[in-house]
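Here's structure-v9.cif, which has mmCIF, N, CA and C atoms:
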data_start
#
loop_
_atom_site.label_atom_id
_atom_site.label_comp_id
_atom_site.auth_asym_id
_atom_site.auth_seq_id
_atom_site.Cartn_x
_atom_site.Cartn_y
_atom_site.Cartn_z
N MET H 5 0.84 -1.17 0.00
CA MET H 5 0.00 0.00 0.00
C MET H 5 0.88 1.23 0.00
N VAL H 6 0.46 2.24 -0.75
CA VAL H 6 1.23 3.46 -0.86
C VAL H 6 0.65 4.51 0.06
N GLY H 7 1.47 5.03 0.97
CA GLY H 7 1.14 6.15 1.83
C GLY H 7 -0.23 6.18 2.48
N VAL H 8 -0.26 6.19 3.78
CA VAL H 8 -1.49 6.34 4.54
C VAL H 8 -1.64 7.83 4.83
N PRO H 9 -2.82 8.41 4.59
CA PRO H 9 -3.00 9.84 4.83
C PRO H 9 -2.86 10.20 6.30
N GLU H 10 -2.51 11.46 6.54
CA GLU H 10 -2.41 11.97 7.90
C GLU H 10 -3.79 11.91 8.56
N SER H 11 -3.82 11.86 9.89
CA SER H 11 -5.11 11.86 10.57
C SER H 11 -5.75 13.23 10.43
N HIS H 12 -7.06 13.26 10.57
CA HIS H 12 -7.81 14.49 10.34
C HIS H 12 -8.99 14.55 11.29
N SER H 13 -9.32 15.75 11.73
CA SER H 13 -10.53 15.92 12.51
C SER H 13 -11.35 17.04 11.88
N GLY H 14 -12.62 17.03 12.13
CA GLY H 14 -13.50 18.03 11.51
C GLY H 14 -14.16 17.47 10.27
N TRP H 15 -14.91 18.31 9.60
CA TRP H 15 -15.67 17.86 8.43
C TRP H 15 -14.78 17.80 7.19
N THR H 16 -15.24 17.03 6.21
CA THR H 16 -14.52 16.90 4.94
C THR H 16 -15.53 16.96 3.80
N PHE H 17 -15.05 17.12 2.59
CA PHE H 17 -15.91 17.19 1.41
C PHE H 17 -16.29 15.81 0.88
N VAL H 18 -15.53 14.80 1.21
CA VAL H 18 -15.71 13.48 0.61
C VAL H 18 -16.20 12.49 1.65
N THR H 19 -17.20 11.68 1.29
CA THR H 19 -17.75 10.69 2.21
C THR H 19 -16.85 9.46 2.28
N ASN H 20 -17.05 8.65 3.31
CA ASN H 20 -16.31 7.40 3.43
C ASN H 20 -16.63 6.46 2.27
N HIS H 21 -17.87 6.47 1.80
CA HIS H 21 -18.23 5.63 0.66
C HIS H 21 -17.41 6.03 -0.57
N ALA H 22 -17.26 7.32 -0.80
CA ALA H 22 -16.47 7.79 -1.94
C ALA H 22 -15.00 7.42 -1.77
N ARG H 23 -14.48 7.54 -0.56
CA ARG H 23 -13.08 7.18 -0.32
C ARG H 23 -12.82 5.70 -0.58
N VAL H 24 -13.73 4.85 -0.09
CA VAL H 24 -13.57 3.40 -0.30
C VAL H 24 -13.67 3.08 -1.78
N LEU H 25 -14.64 3.66 -2.47
CA LEU H 25 -14.79 3.40 -3.90
C LEU H 25 -13.56 3.87 -4.67
N ALA H 26 -13.00 5.01 -4.30
CA ALA H 26 -11.79 5.51 -4.96
C ALA H 26 -10.59 4.59 -4.70
N ALA H 27 -10.46 4.09 -3.48
CA ALA H 27 -9.35 3.17 -3.17
C ALA H 27 -9.46 1.91 -4.02
N ILE H 28 -10.69 1.42 -4.19
CA ILE H 28 -10.90 0.22 -5.00
C ILE H 28 -10.66 0.52 -6.47
N ALA H 29 -11.12 1.68 -6.95
CA ALA H 29 -10.89 2.05 -8.34
C ALA H 29 -9.40 2.19 -8.63
N ASP H 30 -8.65 2.65 -7.64
CA ASP H 30 -7.20 2.82 -7.80
C ASP H 30 -6.47 1.48 -7.83
N ASP H 31 -7.02 0.48 -7.12
CA ASP H 31 -6.41 -0.86 -7.08
C ASP H 31 -7.51 -1.90 -6.90
N PRO H 32 -8.01 -2.48 -8.00
CA PRO H 32 -9.13 -3.43 -7.92
C PRO H 32 -8.83 -4.69 -7.10
N ASN H 33 -7.57 -4.95 -6.78
CA ASN H 33 -7.20 -6.12 -6.00
C ASN H 33 -6.84 -5.77 -4.55
N ILE H 34 -7.14 -4.55 -4.14
CA ILE H 34 -6.77 -4.08 -2.81
C ILE H 34 -7.49 -4.90 -1.73
N ARG H 35 -6.80 -5.13 -0.63
CA ARG H 35 -7.38 -5.87 0.49
C ARG H 35 -8.18 -4.93 1.39
N ILE H 36 -9.19 -5.46 2.04
CA ILE H 36 -10.01 -4.67 2.96
C ILE H 36 -9.12 -4.03 4.03
N ARG H 37 -8.16 -4.75 4.50
CA ARG H 37 -7.23 -4.24 5.51
C ARG H 37 -6.52 -2.98 5.02
N ASP H 38 -6.11 -2.99 3.75
CA ASP H 38 -5.41 -1.84 3.19
C ASP H 38 -6.34 -0.66 2.92
N ILE H 39 -7.58 -0.97 2.52
CA ILE H 39 -8.58 0.10 2.34
C ILE H 39 -8.82 0.77 3.69
N ALA H 40 -8.99 -0.03 4.73
CA ALA H 40 -9.25 0.50 6.07
C ALA H 40 -8.11 1.41 6.52
N ALA H 41 -6.89 0.99 6.33
CA ALA H 41 -5.75 1.80 6.74
C ALA H 41 -5.69 3.10 5.93
N HIS H 42 -5.88 3.00 4.64
CA HIS H 42 -5.81 4.18 3.77
C HIS H 42 -6.92 5.18 4.08
N CYS H 43 -8.12 4.69 4.32
CA CYS H 43 -9.28 5.56 4.55
C CYS H 43 -9.46 5.92 6.02
N ARG H 44 -8.61 5.37 6.90
CA ARG H 44 -8.72 5.60 8.34
C ARG H 44 -10.06 5.14 8.89
N LEU H 45 -10.44 3.92 8.49
CA LEU H 45 -11.69 3.30 8.93
C LEU H 45 -11.37 1.94 9.52
N THR H 46 -12.34 1.35 10.22
CA THR H 46 -12.17 -0.03 10.68
C THR H 46 -12.44 -0.97 9.51
N GLU H 47 -11.92 -2.17 9.60
CA GLU H 47 -12.20 -3.17 8.57
C GLU H 47 -13.69 -3.46 8.48
N ARG H 48 -14.34 -3.48 9.62
CA ARG H 48 -15.79 -3.73 9.65
C ARG H 48 -16.56 -2.63 8.93
N ALA H 49 -16.15 -1.38 9.12
CA ALA H 49 -16.80 -0.26 8.43
C ALA H 49 -16.59 -0.38 6.92
N VAL H 50 -15.40 -0.77 6.51
CA VAL H 50 -15.13 -0.95 5.08
C VAL H 50 -16.00 -2.07 4.52
N GLN H 51 -16.15 -3.16 5.25
CA GLN H 51 -17.01 -4.26 4.80
C GLN H 51 -18.45 -3.78 4.60
N ARG H 52 -18.95 -2.98 5.55
CA ARG H 52 -20.32 -2.45 5.42
C ARG H 52 -20.45 -1.53 4.20
N ILE H 53 -19.46 -0.69 3.99
CA ILE H 53 -19.49 0.23 2.85
C ILE H 53 -19.44 -0.54 1.54
N ILE H 54 -18.59 -1.54 1.45
CA ILE H 54 -18.52 -2.37 0.24
C ILE H 54 -19.86 -3.06 0.01
N SER H 55 -20.47 -3.54 1.07
CA SER H 55 -21.79 -4.17 0.95
C SER H 55 -22.82 -3.18 0.42
N ASP H 56 -22.82 -1.96 0.95
CA ASP H 56 -23.72 -0.91 0.45
C ASP H 56 -23.50 -0.66 -1.04
N LEU H 57 -22.24 -0.50 -1.42
CA LEU H 57 -21.90 -0.20 -2.81
C LEU H 57 -22.29 -1.34 -3.75
N GLU H 58 -22.10 -2.58 -3.28
CA GLU H 58 -22.50 -3.73 -4.10
C GLU H 58 -24.02 -3.83 -4.19
N GLN H 59 -24.70 -3.62 -3.09
CA GLN H 59 -26.15 -3.73 -3.07
C GLN H 59 -26.80 -2.75 -4.03
N ASP H 60 -26.23 -1.56 -4.17
CA ASP H 60 -26.79 -0.54 -5.06
C ASP H 60 -26.18 -0.55 -6.45
N GLY H 61 -25.32 -1.52 -6.75
CA GLY H 61 -24.81 -1.70 -8.10
C GLY H 61 -23.63 -0.83 -8.50
N TYR H 62 -22.98 -0.19 -7.53
CA TYR H 62 -21.81 0.64 -7.84
C TYR H 62 -20.54 -0.19 -7.90
N LEU H 63 -20.59 -1.39 -7.37
CA LEU H 63 -19.41 -2.22 -7.22
C LEU H 63 -19.82 -3.68 -7.30
N SER H 64 -18.94 -4.50 -7.85
CA SER H 64 -19.13 -5.95 -7.82
C SER H 64 -17.75 -6.57 -7.57
N HIS H 65 -17.76 -7.85 -7.23
CA HIS H 65 -16.47 -8.50 -7.02
C HIS H 65 -16.53 -9.95 -7.48
N THR H 66 -15.35 -10.46 -7.79
CA THR H 66 -15.19 -11.88 -8.06
C THR H 66 -14.16 -12.41 -7.07
N ARG H 67 -14.39 -13.60 -6.64
CA ARG H 67 -13.52 -14.23 -5.65
C ARG H 67 -12.49 -15.09 -6.38
N ASP H 68 -11.23 -14.95 -5.98
CA ASP H 68 -10.15 -15.77 -6.53
C ASP H 68 -9.36 -16.30 -5.34
N GLY H 69 -9.70 -17.52 -4.94
CA GLY H 69 -9.07 -18.08 -3.74
C GLY H 69 -9.49 -17.30 -2.52
N ARG H 70 -8.51 -16.70 -1.83
CA ARG H 70 -8.80 -15.91 -0.64
C ARG H 70 -8.88 -14.42 -0.92
N SER H 71 -8.73 -14.03 -2.17
CA SER H 71 -8.75 -12.59 -2.47
C SER H 71 -9.90 -12.23 -3.40
N ASN H 72 -10.22 -10.96 -3.43
CA ASN H 72 -11.29 -10.44 -4.28
C ASN H 72 -10.70 -9.52 -5.34
N THR H 73 -11.35 -9.52 -6.48
CA THR H 73 -11.07 -8.52 -7.51
C THR H 73 -12.36 -7.75 -7.69
N TYR H 74 -12.28 -6.45 -7.49
CA TYR H 74 -13.46 -5.60 -7.54
C TYR H 74 -13.59 -4.95 -8.90
N ARG H 75 -14.83 -4.64 -9.26
CA ARG H 75 -15.11 -3.92 -10.50
C ARG H 75 -16.10 -2.81 -10.17
N VAL H 76 -15.70 -1.58 -10.51
CA VAL H 76 -16.53 -0.41 -10.29
C VAL H 76 -17.41 -0.21 -11.52
N ALA H 77 -18.66 0.19 -11.32
CA ALA H 77 -19.58 0.49 -12.42
C ALA H 77 -19.44 1.99 -12.74
N PRO H 78 -18.56 2.35 -13.68
CA PRO H 78 -18.24 3.76 -13.91
C PRO H 78 -19.39 4.58 -14.48
N ASN H 79 -20.35 3.96 -15.14
CA ASN H 79 -21.45 4.70 -15.76
C ASN H 79 -22.67 4.86 -14.86
N LYS H 80 -22.65 4.22 -13.71
CA LYS H 80 -23.77 4.37 -12.76
C LYS H 80 -23.77 5.80 -12.25
N VAL H 81 -24.95 6.42 -12.18
CA VAL H 81 -25.02 7.82 -11.76
C VAL H 81 -24.97 7.94 -10.24
N LEU H 82 -24.53 9.09 -9.78
CA LEU H 82 -24.43 9.36 -8.36
C LEU H 82 -25.82 9.40 -7.73
N ARG H 83 -25.90 9.13 -6.46
CA ARG H 83 -27.18 8.94 -5.77
C ARG H 83 -27.92 10.22 -5.44
N HIS H 84 -27.25 11.27 -5.08
CA HIS H 84 -27.93 12.48 -4.63
C HIS H 84 -28.59 13.19 -5.81
N PRO H 85 -29.82 13.67 -5.64
CA PRO H 85 -30.52 14.33 -6.75
C PRO H 85 -29.75 15.50 -7.38
N ALA H 86 -28.95 16.19 -6.59
CA ALA H 86 -28.18 17.33 -7.13
C ALA H 86 -27.10 16.88 -8.11
N GLU H 87 -26.64 15.64 -7.98
CA GLU H 87 -25.60 15.11 -8.88
C GLU H 87 -26.11 13.94 -9.71
N ALA H 88 -27.41 13.77 -9.79
CA ALA H 88 -28.00 12.57 -10.38
C ALA H 88 -27.65 12.37 -11.85
N ARG H 89 -27.15 13.37 -12.53
CA ARG H 89 -26.77 13.19 -13.94
C ARG H 89 -25.28 12.88 -14.11
N LEU H 90 -24.54 12.93 -13.03
CA LEU H 90 -23.10 12.69 -13.11
C LEU H 90 -22.79 11.21 -12.88
N PRO H 91 -21.97 10.61 -13.73
CA PRO H 91 -21.58 9.22 -13.51
C PRO H 91 -20.49 9.11 -12.45
N VAL H 92 -20.38 7.94 -11.87
CA VAL H 92 -19.34 7.66 -10.88
C VAL H 92 -17.96 7.99 -11.44
N ALA H 93 -17.75 7.75 -12.71
CA ALA H 93 -16.45 8.02 -13.33
C ALA H 93 -16.03 9.48 -13.15
N SER H 94 -16.99 10.41 -13.16
CA SER H 94 -16.67 11.83 -12.96
C SER H 94 -16.10 12.07 -11.56
N LEU H 95 -16.73 11.47 -10.57
CA LEU H 95 -16.24 11.59 -9.20
C LEU H 95 -14.86 10.95 -9.06
N LEU H 96 -14.72 9.76 -9.60
CA LEU H 96 -13.46 9.03 -9.46
C LEU H 96 -12.32 9.72 -10.18
N SER H 97 -12.62 10.45 -11.25
CA SER H 97 -11.56 11.17 -11.97
C SER H 97 -10.91 12.22 -11.07
N LEU H 98 -11.65 12.69 -10.08
CA LEU H 98 -11.10 13.66 -9.13
C LEU H 98 -10.35 12.99 -7.99
N LEU H 99 -10.76 11.78 -7.64
CA LEU H 99 -10.24 11.13 -6.44
C LEU H 99 -9.15 10.10 -6.67
N VAL H 100 -9.13 9.48 -7.83
CA VAL H 100 -8.18 8.40 -8.08
C VAL H 100 -6.90 8.99 -8.66
N GLN H 101 -5.80 8.57 -8.09
CA GLN H 101 -4.50 9.06 -8.52
C GLN H 101 -4.16 8.53 -9.90
N ASP H 102 -3.83 9.42 -10.81
CA ASP H 102 -3.45 9.05 -12.17
C ASP H 102 -2.14 8.26 -12.14
N GLU H 103 -2.01 7.30 -13.01
CA GLU H 103 -0.80 6.47 -13.06
C GLU H 103 0.45 7.32 -13.23
N THR H 104 0.39 8.39 -14.03
CA THR H 104 1.58 9.25 -14.21
C THR H 104 1.93 9.96 -12.91
N ASP H 105 0.94 10.34 -12.11
CA ASP H 105 1.20 10.97 -10.82
C ASP H 105 1.82 9.97 -9.84
N ARG H 106 1.39 8.72 -9.93
CA ARG H 106 1.88 7.68 -9.02
C ARG H 106 3.36 7.41 -9.23
N THR H 107 3.83 7.52 -10.48
CA THR H 107 5.21 7.19 -10.78
C THR H 107 6.12 8.41 -10.80
N ARG H 108 5.58 9.61 -10.65
CA ARG H 108 6.36 10.84 -10.65
C ARG H 108 7.18 10.91 -9.37
N ARG H 109 8.40 11.43 -9.49
CA ARG H 109 9.22 11.62 -8.30
C ARG H 109 8.57 12.66 -7.40
N PRO H 110 8.68 12.53 -6.08
CA PRO H 110 7.99 13.43 -5.14
C PRO H 110 8.30 14.91 -5.35
N GLN H 111 9.51 15.28 -5.79
CA GLN H 111 9.84 16.69 -5.91
C GLN H 111 9.24 17.34 -7.16
N GLU H 112 8.72 16.56 -8.09
CA GLU H 112 8.11 17.12 -9.29
C GLU H 112 6.72 17.65 -8.98
N PRO H 113 6.43 18.89 -9.37
CA PRO H 113 5.05 19.38 -9.17
C PRO H 113 4.10 18.73 -10.15
N PRO H 114 2.82 18.62 -9.80
CA PRO H 114 1.86 18.04 -10.73
C PRO H 114 1.71 18.91 -11.96
N ARG H 115 1.49 18.27 -13.10
CA ARG H 115 1.29 19.01 -14.36
C ARG H 115 -0.12 19.53 -14.42
N PRO H 116 -0.30 20.77 -14.92
CA PRO H 116 -1.68 21.25 -15.12
C PRO H 116 -2.31 20.50 -16.27
N ALA H 117 -3.60 20.25 -16.16
CA ALA H 117 -4.33 19.59 -17.23
C ALA H 117 -4.47 20.55 -18.41
N ASP H 118 -4.68 20.00 -19.59
CA ASP H 118 -4.88 20.84 -20.78
C ASP H 118 -5.98 21.85 -20.51
N GLY H 119 -5.71 23.08 -20.83
CA GLY H 119 -6.72 24.12 -20.66
C GLY H 119 -6.74 24.74 -19.27
N ASP H 120 -6.01 24.16 -18.31
CA ASP H 120 -5.96 24.73 -16.97
C ASP H 120 -5.02 25.92 -16.97
N VAL H 121 -5.38 26.91 -16.21
CA VAL H 121 -4.56 28.10 -16.07
C VAL H 121 -3.90 28.04 -14.71
N PRO H 122 -2.54 28.11 -14.67
CA PRO H 122 -1.88 28.08 -13.36
C PRO H 122 -2.34 29.23 -12.47
N ALA H 123 -2.46 28.97 -11.17
CA ALA H 123 -2.95 29.99 -10.24
C ALA H 123 -1.84 30.94 -9.86
#
Go through the file and emit its structure as structure tokens.
Amino acid sequence: MVGVPESHSGWTFVTNHARVLAAIADDPNIRIRDIAAHCRLTERAVQRIISDLEQDGYLSHTRDGRSNTYRVAPNKVLRHPAEARLPVASLLSLLVQDETDRTRRPQEPPRPADGDVPA
């Protein structure tokens, strides 16, 4: 597992369900233990969240021996009426680390996306 985030208190913009889904989208073979550590949740909480996501069709898994391979449904729309036209893929594009960012050396600043204006 790559880097566990610092601890945090107070409110955040992203729900635990979104964090778990993003961790799975980033690594479809990730273990529940690693999701829990990355998201700062208990393994039991992660299991409940995965169950919720599977029950509503945002996630599925296949079992291979003792491990799972997860599959995210990228075209399923978000649940809240305010975002009901947005697919899960839109949310995940903000939360999942791009492969080029993952392999970049730490001292390199992130590249602006096409059309972005540096601040």
Quiz item: Got a sec: who's within 8 Å of H:His65, counting all atoms listed in the file, leaving out chain neighbours fewer than 2 positions off, as a list in words?
Solution: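 Close residues of H:His65: Glu58, Leu63, Arg67, Asp68, Asn72, Thr73, Tyr74, Arg75 and Val76 of chain H.
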Practice problem: Point out the residue among H:Leu99, H:Arg23, H:Leu82, H:Ala29 with the least atom-to-atom distance to H:Arg44, counting only C-alpha atoms. | Solution: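 Using only C-alpha atoms, H:Arg44 sits closest to H:Arg23.
Between atom N of H:Ile39 and atom CA of H:Ser94 the interatomic distance comes to 22.0 Å.
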Exercise. Tell me which of H:Thr19, H:Gly69, H:Ser55, H:Val24 sits closest to H:Ala40, counting all atoms listed in the file.
Key: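 So, comparing all the options, the nearest one is H:Val24.
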Quiz item: By how many Å are atom N of H:Ser71 and atom N of H:Asp56 apart?
Solution: 18.8 Å
